[in-house]
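S.K.: Next comes model_30.txt, compact mmCIF, N, CA and C atoms:
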```txt
# COMPACT_ATOMS: atom_id res chain seq x y z
N MET A 1 -5.09 49.91 -2.42
CA MET A 1 -4.53 50.53 -3.60
C MET A 1 -3.63 51.69 -3.16
N LYS A 2 -2.51 51.83 -3.82
CA LYS A 2 -1.56 52.89 -3.48
C LYS A 2 -2.11 54.26 -3.85
N LYS A 3 -1.65 55.26 -3.08
CA LYS A 3 -2.10 56.63 -3.34
C LYS A 3 -1.70 57.10 -4.73
N SER A 4 -0.52 56.69 -5.20
CA SER A 4 -0.07 57.12 -6.53
C SER A 4 -0.96 56.52 -7.62
N ALA A 5 -1.39 55.29 -7.43
CA ALA A 5 -2.28 54.66 -8.41
C ALA A 5 -3.64 55.35 -8.42
N ILE A 6 -4.15 55.67 -7.24
CA ILE A 6 -5.42 56.39 -7.15
C ILE A 6 -5.30 57.76 -7.81
N SER A 7 -4.21 58.44 -7.54
CA SER A 7 -3.98 59.75 -8.13
C SER A 7 -3.89 59.67 -9.66
N ASN A 8 -3.25 58.63 -10.16
CA ASN A 8 -3.14 58.46 -11.62
C ASN A 8 -4.49 58.17 -12.26
N ILE A 9 -5.33 57.42 -11.58
CA ILE A 9 -6.67 57.12 -12.12
C ILE A 9 -7.50 58.40 -12.20
N ILE A 10 -7.48 59.18 -11.13
CA ILE A 10 -8.22 60.45 -11.12
C ILE A 10 -7.67 61.39 -12.19
N LYS A 11 -6.36 61.43 -12.33
CA LYS A 11 -5.72 62.28 -13.35
C LYS A 11 -6.12 61.83 -14.75
N ALA A 12 -6.21 60.52 -14.97
CA ALA A 12 -6.60 60.00 -16.29
C ALA A 12 -8.04 60.40 -16.61
N ILE A 13 -8.93 60.29 -15.64
CA ILE A 13 -10.32 60.70 -15.87
C ILE A 13 -10.39 62.19 -16.18
N SER A 14 -9.63 62.98 -15.46
CA SER A 14 -9.60 64.42 -15.68
C SER A 14 -9.09 64.76 -17.08
N ILE A 15 -8.03 64.10 -17.50
CA ILE A 15 -7.46 64.35 -18.84
C ILE A 15 -8.46 63.95 -19.92
N ILE A 16 -9.12 62.82 -19.75
CA ILE A 16 -10.11 62.39 -20.73
C ILE A 16 -11.27 63.39 -20.79
N ASP A 17 -11.65 63.94 -19.65
CA ASP A 17 -12.69 64.98 -19.64
C ASP A 17 -12.25 66.19 -20.45
N TYR A 18 -11.00 66.60 -20.29
CA TYR A 18 -10.49 67.74 -21.06
C TYR A 18 -10.48 67.44 -22.56
N VAL A 19 -10.10 66.22 -22.93
CA VAL A 19 -10.10 65.83 -24.34
C VAL A 19 -11.53 65.84 -24.89
N TYR A 20 -12.47 65.27 -24.13
CA TYR A 20 -13.88 65.31 -24.53
C TYR A 20 -14.35 66.76 -24.69
N ALA A 21 -13.94 67.62 -23.78
CA ALA A 21 -14.34 69.03 -23.85
C ALA A 21 -13.85 69.66 -25.15
N ILE A 22 -12.59 69.45 -25.48
CA ILE A 22 -12.02 70.03 -26.69
C ILE A 22 -12.72 69.48 -27.93
N LEU A 23 -12.93 68.17 -27.98
CA LEU A 23 -13.60 67.56 -29.14
C LEU A 23 -15.03 68.06 -29.28
N ASN A 24 -15.75 68.20 -28.18
CA ASN A 24 -17.12 68.71 -28.24
C ASN A 24 -17.16 70.16 -28.70
N ILE A 25 -16.23 70.97 -28.23
CA ILE A 25 -16.22 72.38 -28.63
C ILE A 25 -15.88 72.52 -30.11
N ILE A 26 -14.93 71.73 -30.60
CA ILE A 26 -14.60 71.76 -32.04
C ILE A 26 -15.79 71.30 -32.87
N THR A 27 -16.44 70.22 -32.45
CA THR A 27 -17.63 69.73 -33.15
C THR A 27 -18.72 70.79 -33.17
N ALA A 28 -18.93 71.45 -32.04
CA ALA A 28 -19.96 72.49 -31.95
C ALA A 28 -19.65 73.63 -32.91
N LEU A 29 -18.40 74.01 -33.01
CA LEU A 29 -18.04 75.10 -33.93
C LEU A 29 -18.33 74.73 -35.38
N PHE A 30 -17.98 73.50 -35.78
CA PHE A 30 -18.26 73.07 -37.15
C PHE A 30 -19.76 72.98 -37.41
N LEU A 31 -20.51 72.46 -36.45
CA LEU A 31 -21.96 72.40 -36.63
C LEU A 31 -22.58 73.79 -36.71
N PHE A 32 -22.09 74.69 -35.88
CA PHE A 32 -22.60 76.05 -35.89
C PHE A 32 -22.33 76.72 -37.24
N LEU A 33 -21.09 76.57 -37.73
CA LEU A 33 -20.76 77.17 -39.02
C LEU A 33 -21.58 76.55 -40.14
N GLY A 34 -21.72 75.23 -40.14
CA GLY A 34 -22.51 74.56 -41.16
C GLY A 34 -23.97 74.96 -41.08
N GLY A 35 -24.48 75.07 -39.88
CA GLY A 35 -25.88 75.46 -39.71
C GLY A 35 -26.16 76.87 -40.17
N THR A 36 -25.25 77.77 -39.85
CA THR A 36 -25.48 79.15 -40.28
C THR A 36 -25.35 79.28 -41.79
N VAL A 37 -24.44 78.53 -42.39
CA VAL A 37 -24.32 78.57 -43.85
C VAL A 37 -25.60 78.02 -44.49
N LEU A 38 -26.08 76.87 -43.99
CA LEU A 38 -27.31 76.31 -44.56
C LEU A 38 -28.50 77.24 -44.35
N ALA A 39 -28.58 77.83 -43.19
CA ALA A 39 -29.72 78.71 -42.92
C ALA A 39 -29.67 79.96 -43.80
N SER A 40 -28.48 80.46 -44.06
CA SER A 40 -28.40 81.71 -44.83
C SER A 40 -28.47 81.47 -46.34
N LEU A 41 -27.91 80.38 -46.81
CA LEU A 41 -27.90 80.13 -48.26
C LEU A 41 -29.09 79.31 -48.74
N ARG A 42 -29.72 78.61 -47.82
CA ARG A 42 -30.87 77.75 -48.16
C ARG A 42 -30.53 76.78 -49.29
N ILE A 43 -29.38 76.16 -49.16
CA ILE A 43 -28.91 75.23 -50.18
C ILE A 43 -29.89 74.08 -50.36
N LEU A 44 -30.39 73.53 -49.27
CA LEU A 44 -31.26 72.37 -49.37
C LEU A 44 -32.62 72.69 -49.94
N SER A 45 -33.01 73.95 -49.94
CA SER A 45 -34.34 74.28 -50.44
C SER A 45 -34.44 73.99 -51.94
N LYS A 46 -33.32 73.98 -52.66
CA LYS A 46 -33.35 73.66 -54.08
C LYS A 46 -33.34 72.15 -54.31
N LEU A 47 -32.82 71.41 -53.32
CA LEU A 47 -32.75 69.96 -53.46
C LEU A 47 -33.99 69.26 -52.94
N LEU A 48 -34.62 69.83 -51.95
CA LEU A 48 -35.79 69.23 -51.33
C LEU A 48 -36.98 70.18 -51.48
N PRO A 49 -38.19 69.63 -51.49
CA PRO A 49 -39.35 70.51 -51.64
C PRO A 49 -39.54 71.41 -50.42
N GLY A 50 -40.01 72.60 -50.68
CA GLY A 50 -40.28 73.55 -49.60
C GLY A 50 -39.19 74.60 -49.50
N GLU A 51 -39.61 75.82 -49.23
CA GLU A 51 -38.67 76.93 -49.17
C GLU A 51 -37.86 76.95 -47.88
N LEU A 52 -38.42 76.49 -46.80
CA LEU A 52 -37.80 76.66 -45.50
C LEU A 52 -36.93 75.48 -45.06
N VAL A 53 -36.73 74.50 -45.92
CA VAL A 53 -35.99 73.30 -45.52
C VAL A 53 -34.57 73.66 -45.10
N GLY A 54 -33.89 74.45 -45.91
CA GLY A 54 -32.51 74.85 -45.58
C GLY A 54 -32.46 75.63 -44.28
N THR A 55 -33.41 76.51 -44.08
CA THR A 55 -33.46 77.28 -42.85
C THR A 55 -33.73 76.39 -41.64
N LEU A 56 -34.65 75.44 -41.79
CA LEU A 56 -34.97 74.55 -40.67
C LEU A 56 -33.80 73.63 -40.33
N VAL A 57 -33.17 73.07 -41.35
CA VAL A 57 -32.02 72.20 -41.11
C VAL A 57 -30.88 73.00 -40.51
N GLY A 58 -30.65 74.19 -41.05
CA GLY A 58 -29.60 75.05 -40.50
C GLY A 58 -29.87 75.43 -39.06
N GLY A 59 -31.13 75.75 -38.77
CA GLY A 59 -31.50 76.08 -37.39
C GLY A 59 -31.33 74.89 -36.45
N ALA A 60 -31.66 73.70 -36.94
CA ALA A 60 -31.49 72.49 -36.13
C ALA A 60 -30.00 72.25 -35.85
N LEU A 61 -29.16 72.48 -36.84
CA LEU A 61 -27.71 72.31 -36.64
C LEU A 61 -27.16 73.33 -35.65
N VAL A 62 -27.63 74.55 -35.73
CA VAL A 62 -27.20 75.57 -34.77
C VAL A 62 -27.65 75.19 -33.36
N PHE A 63 -28.88 74.73 -33.23
CA PHE A 63 -29.38 74.29 -31.93
C PHE A 63 -28.56 73.13 -31.37
N ALA A 64 -28.28 72.15 -32.23
CA ALA A 64 -27.46 71.00 -31.81
C ALA A 64 -26.06 71.46 -31.41
N SER A 65 -25.53 72.44 -32.12
CA SER A 65 -24.19 72.92 -31.78
C SER A 65 -24.17 73.59 -30.41
N LEU A 66 -25.24 74.26 -30.04
CA LEU A 66 -25.30 74.89 -28.72
C LEU A 66 -25.36 73.85 -27.61
N ILE A 67 -26.09 72.75 -27.86
CA ILE A 67 -26.14 71.67 -26.87
C ILE A 67 -24.78 71.01 -26.72
N ILE A 68 -24.12 70.75 -27.85
CA ILE A 68 -22.79 70.12 -27.81
C ILE A 68 -21.78 71.06 -27.18
N LEU A 69 -21.89 72.35 -27.44
CA LEU A 69 -21.00 73.32 -26.80
C LEU A 69 -21.19 73.32 -25.30
N ALA A 70 -22.44 73.27 -24.85
CA ALA A 70 -22.72 73.22 -23.40
C ALA A 70 -22.13 71.95 -22.79
N LEU A 71 -22.22 70.84 -23.50
CA LEU A 71 -21.64 69.60 -23.02
C LEU A 71 -20.11 69.71 -22.94
N GLY A 72 -19.51 70.37 -23.92
CA GLY A 72 -18.07 70.58 -23.89
C GLY A 72 -17.64 71.43 -22.70
N VAL A 73 -18.39 72.47 -22.42
CA VAL A 73 -18.08 73.31 -21.26
C VAL A 73 -18.26 72.51 -19.97
N LEU A 74 -19.31 71.69 -19.91
CA LEU A 74 -19.53 70.83 -18.74
C LEU A 74 -18.34 69.90 -18.54
N TYR A 75 -17.88 69.26 -19.60
CA TYR A 75 -16.73 68.36 -19.48
C TYR A 75 -15.48 69.10 -19.01
N PHE A 76 -15.30 70.35 -19.46
CA PHE A 76 -14.14 71.12 -19.02
C PHE A 76 -14.18 71.34 -17.51
N PHE A 77 -15.32 71.83 -17.01
CA PHE A 77 -15.44 72.07 -15.57
C PHE A 77 -15.44 70.77 -14.77
N LEU A 78 -15.96 69.72 -15.36
CA LEU A 78 -15.96 68.41 -14.72
C LEU A 78 -14.53 67.89 -14.56
N GLY A 79 -13.71 68.06 -15.57
CA GLY A 79 -12.32 67.64 -15.48
C GLY A 79 -11.58 68.38 -14.38
N LYS A 80 -11.90 69.65 -14.23
CA LYS A 80 -11.27 70.45 -13.18
C LYS A 80 -11.76 70.01 -11.80
N ALA A 81 -13.06 69.79 -11.66
CA ALA A 81 -13.64 69.45 -10.36
C ALA A 81 -13.31 68.02 -9.92
N ILE A 82 -13.20 67.11 -10.88
CA ILE A 82 -12.91 65.72 -10.51
C ILE A 82 -11.50 65.61 -9.96
N SER A 83 -10.60 66.43 -10.45
CA SER A 83 -9.23 66.40 -9.93
C SER A 83 -9.14 67.00 -8.53
N LYS A 84 -10.16 67.80 -8.16
CA LYS A 84 -10.21 68.39 -6.82
C LYS A 84 -11.11 67.58 -5.88
N HIS A 85 -11.56 66.40 -6.35
CA HIS A 85 -12.37 65.46 -5.56
C HIS A 85 -13.69 66.06 -5.08
N LYS A 86 -14.35 66.80 -5.94
CA LYS A 86 -15.66 67.38 -5.60
C LYS A 86 -16.74 66.31 -5.72
N LYS A 87 -17.62 66.24 -4.74
CA LYS A 87 -18.68 65.23 -4.71
C LYS A 87 -19.63 65.36 -5.90
N TRP A 88 -20.02 66.60 -6.24
CA TRP A 88 -20.93 66.80 -7.36
C TRP A 88 -20.31 66.30 -8.66
N ALA A 89 -18.99 66.46 -8.79
CA ALA A 89 -18.31 66.01 -10.00
C ALA A 89 -18.35 64.49 -10.11
N GLN A 90 -18.23 63.82 -8.98
CA GLN A 90 -18.31 62.36 -8.99
C GLN A 90 -19.68 61.91 -9.49
N VAL A 91 -20.74 62.53 -8.98
CA VAL A 91 -22.10 62.16 -9.36
C VAL A 91 -22.33 62.41 -10.85
N VAL A 92 -21.97 63.60 -11.31
CA VAL A 92 -22.16 63.94 -12.73
C VAL A 92 -21.31 63.03 -13.62
N GLN A 93 -20.09 62.76 -13.20
CA GLN A 93 -19.20 61.90 -13.98
C GLN A 93 -19.76 60.49 -14.10
N ILE A 94 -20.33 59.96 -13.03
CA ILE A 94 -20.93 58.63 -13.07
C ILE A 94 -22.13 58.62 -14.03
N ILE A 95 -22.96 59.65 -13.97
CA ILE A 95 -24.12 59.74 -14.87
C ILE A 95 -23.65 59.78 -16.32
N LEU A 96 -22.66 60.63 -16.61
CA LEU A 96 -22.13 60.71 -17.97
C LEU A 96 -21.41 59.42 -18.37
N GLY A 97 -20.83 58.73 -17.39
CA GLY A 97 -20.21 57.44 -17.66
C GLY A 97 -21.23 56.42 -18.14
N PHE A 98 -22.39 56.38 -17.49
CA PHE A 98 -23.46 55.47 -17.93
C PHE A 98 -23.97 55.85 -19.31
N ILE A 99 -24.12 57.15 -19.56
CA ILE A 99 -24.59 57.61 -20.87
C ILE A 99 -23.56 57.27 -21.96
N SER A 100 -22.28 57.42 -21.65
CA SER A 100 -21.25 57.16 -22.66
C SER A 100 -21.09 55.69 -22.99
N LEU A 101 -21.70 54.80 -22.20
CA LEU A 101 -21.66 53.37 -22.53
C LEU A 101 -22.26 53.10 -23.91
N PHE A 102 -23.17 53.94 -24.35
CA PHE A 102 -23.82 53.76 -25.64
C PHE A 102 -22.98 54.29 -26.80
N SER A 103 -21.88 54.94 -26.51
CA SER A 103 -21.03 55.56 -27.52
C SER A 103 -19.88 54.62 -27.86
N PHE A 104 -20.19 53.56 -28.60
CA PHE A 104 -19.23 52.50 -28.90
C PHE A 104 -18.19 52.97 -29.90
N PRO A 105 -16.94 52.64 -29.78
CA PRO A 105 -16.25 51.81 -28.80
C PRO A 105 -15.54 52.63 -27.72
N ILE A 106 -15.14 53.86 -28.05
CA ILE A 106 -14.33 54.64 -27.11
C ILE A 106 -15.15 55.08 -25.91
N GLY A 107 -16.35 55.55 -26.15
CA GLY A 107 -17.21 55.97 -25.06
C GLY A 107 -17.56 54.82 -24.12
N THR A 108 -17.73 53.64 -24.69
CA THR A 108 -18.02 52.46 -23.88
C THR A 108 -16.85 52.15 -22.94
N ALA A 109 -15.65 52.19 -23.49
CA ALA A 109 -14.46 51.93 -22.67
C ALA A 109 -14.32 52.98 -21.58
N PHE A 110 -14.53 54.25 -21.94
CA PHE A 110 -14.44 55.32 -20.95
C PHE A 110 -15.52 55.18 -19.89
N GLY A 111 -16.74 54.83 -20.31
CA GLY A 111 -17.83 54.65 -19.36
C GLY A 111 -17.55 53.54 -18.37
N ILE A 112 -17.04 52.42 -18.86
CA ILE A 112 -16.70 51.30 -17.98
C ILE A 112 -15.62 51.72 -17.00
N PHE A 113 -14.61 52.43 -17.49
CA PHE A 113 -13.51 52.89 -16.65
C PHE A 113 -14.02 53.83 -15.55
N VAL A 114 -14.88 54.78 -15.92
CA VAL A 114 -15.42 55.74 -14.95
C VAL A 114 -16.29 55.04 -13.92
N ILE A 115 -17.15 54.13 -14.37
CA ILE A 115 -18.02 53.42 -13.44
C ILE A 115 -17.19 52.58 -12.48
N TRP A 116 -16.19 51.90 -13.01
CA TRP A 116 -15.32 51.10 -12.13
C TRP A 116 -14.59 52.00 -11.12
N ALA A 117 -14.01 53.10 -11.62
CA ALA A 117 -13.19 53.95 -10.75
C ALA A 117 -14.02 54.69 -9.71
N LEU A 118 -15.12 55.29 -10.11
CA LEU A 118 -15.84 56.19 -9.21
C LEU A 118 -17.01 55.53 -8.48
N LEU A 119 -17.47 54.38 -8.96
CA LEU A 119 -18.63 53.76 -8.34
C LEU A 119 -18.27 52.45 -7.63
N ILE A 120 -17.34 51.71 -8.19
CA ILE A 120 -17.02 50.38 -7.65
C ILE A 120 -15.78 50.39 -6.76
N ASN A 121 -14.75 51.10 -7.17
CA ASN A 121 -13.49 51.10 -6.43
C ASN A 121 -13.66 51.83 -5.08
N LYS A 122 -13.52 51.09 -4.00
CA LYS A 122 -13.77 51.64 -2.66
C LYS A 122 -12.74 52.68 -2.25
N ASP A 123 -11.49 52.49 -2.65
CA ASP A 123 -10.45 53.45 -2.27
C ASP A 123 -10.68 54.81 -2.92
N ILE A 124 -11.12 54.81 -4.15
CA ILE A 124 -11.37 56.07 -4.86
C ILE A 124 -12.65 56.70 -4.34
N LYS A 125 -13.67 55.90 -4.04
CA LYS A 125 -14.92 56.43 -3.50
C LYS A 125 -14.70 57.21 -2.20
N LYS A 126 -13.71 56.78 -1.40
CA LYS A 126 -13.42 57.46 -0.13
C LYS A 126 -12.96 58.90 -0.34
N LEU A 127 -12.32 59.17 -1.47
CA LEU A 127 -11.83 60.52 -1.75
C LEU A 127 -12.96 61.54 -1.90
N PHE A 128 -14.12 61.08 -2.31
CA PHE A 128 -15.21 61.99 -2.64
C PHE A 128 -16.24 62.15 -1.53
N LYS A 129 -15.91 61.74 -0.31
CA LYS A 129 -16.85 61.87 0.80
C LYS A 129 -16.59 63.12 1.59
```
Is it possible to give me this structure as C-alpha cells?

M.R.:
Amino acid sequence: MKKSAISNIIKAISIIDYVYAILNIITALFLFLGGTVLASLRILSKLLPGELVGTLVGGALVFASLIILALGVLYFFLGKAISKHKKWAQVVQIILGFISLFSFPIGTAFGIFVIWALLINKDIKKLFK
C-alpha cells in the first residue's frame, strides 16, 4: 500500500474521532442542561408518583452527560494521538471500534473501517510498533 493511502486512512480515522468528540460534547451539554432543569423544576414529579422522580431522572441525565463528556474528551485526544501513531491510541481505537459495531449504521461502518485499518491491514499496523 502506498504511503499516501496509508496517511489518508489514518487522517480519516483521526477526523472521524474529532467529529465523534464534537458530537459527544454537544450531546453531553444538552443532557446536562436537561438534567439540571428536571432536577431543579421536578417536572416529572407531577406526572409520575413520588416526589423525587424529577430529581432522580435529572440526576441520572447529569450523570450520563458526564460519561458522554468524558467519552468526547477521549475521542478528541484519541484523534490527536492516532495521527501521531501512538501505540496506546491504536489499542484504544480498536476497542472502541469493536464497541461501535453495535451502533448501527454509522458506528458499525466506522467500527469495521477501524478494525480493518488498525487490526487487519499489515502496512498500517507497522506504523504503530

S.K.: What gap, in Å, lies between atom C of Ala89 in chain A and CA of Phe128 in chain A?

M.R.: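 Going from atom C of Ala89 in chain A over to CA of Phe128 in chain A, I get 8.5 Å.
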
S.K.: With all atoms listed in the file as the counted atoms, please give the residues lying no more than 6.5 Å from Lys87 in chain A, apart from itself and same-chain residues fewer than 4 positions off, as a PyMOL selection string.

M.R.: chain A and resi 91-92+128-129

S.K.: I'd like the interatomic distance between atom C of Ile115 in chain A and CA of Asp17 in chain A, to a tenth of an Å.

M.R.: 15.0 Å

S.K.: Kindly give the distance, in Å, that separates atom N of Leu23 in chain A and atom N of Leu66 in chain A, rounded to a single decimal.

M.R.: 13.9 Å

S.K.: Residues near Ile99 in chain A, anyone? I mean within 7 Å using only N, CA and C atoms, not counting same-chain ones fewer than 5 positions away, as JSON, numbers by chain.

M.R.: {"A": [94, 107, 111]}

S.K.: Neighbouring residues of Ser14 in chain A were defined as those with any atom within 12 Å, considering only C-alpha atoms; residues of the same chain fewer than 6 positions away were excluded. Please report them as a PyMOL selection string.

M.R.: chain A and resi 7-8+20-21+75-85+89-90+93+110+114

S.K.: Can you work out which one of A:Ala5, A:Ile120, A:Ala28, A:Ala39 has the shortest atom-to-atom distance to Ala64 in chain A, counting only N, CA and C atoms?

M.R.: A:Ala28
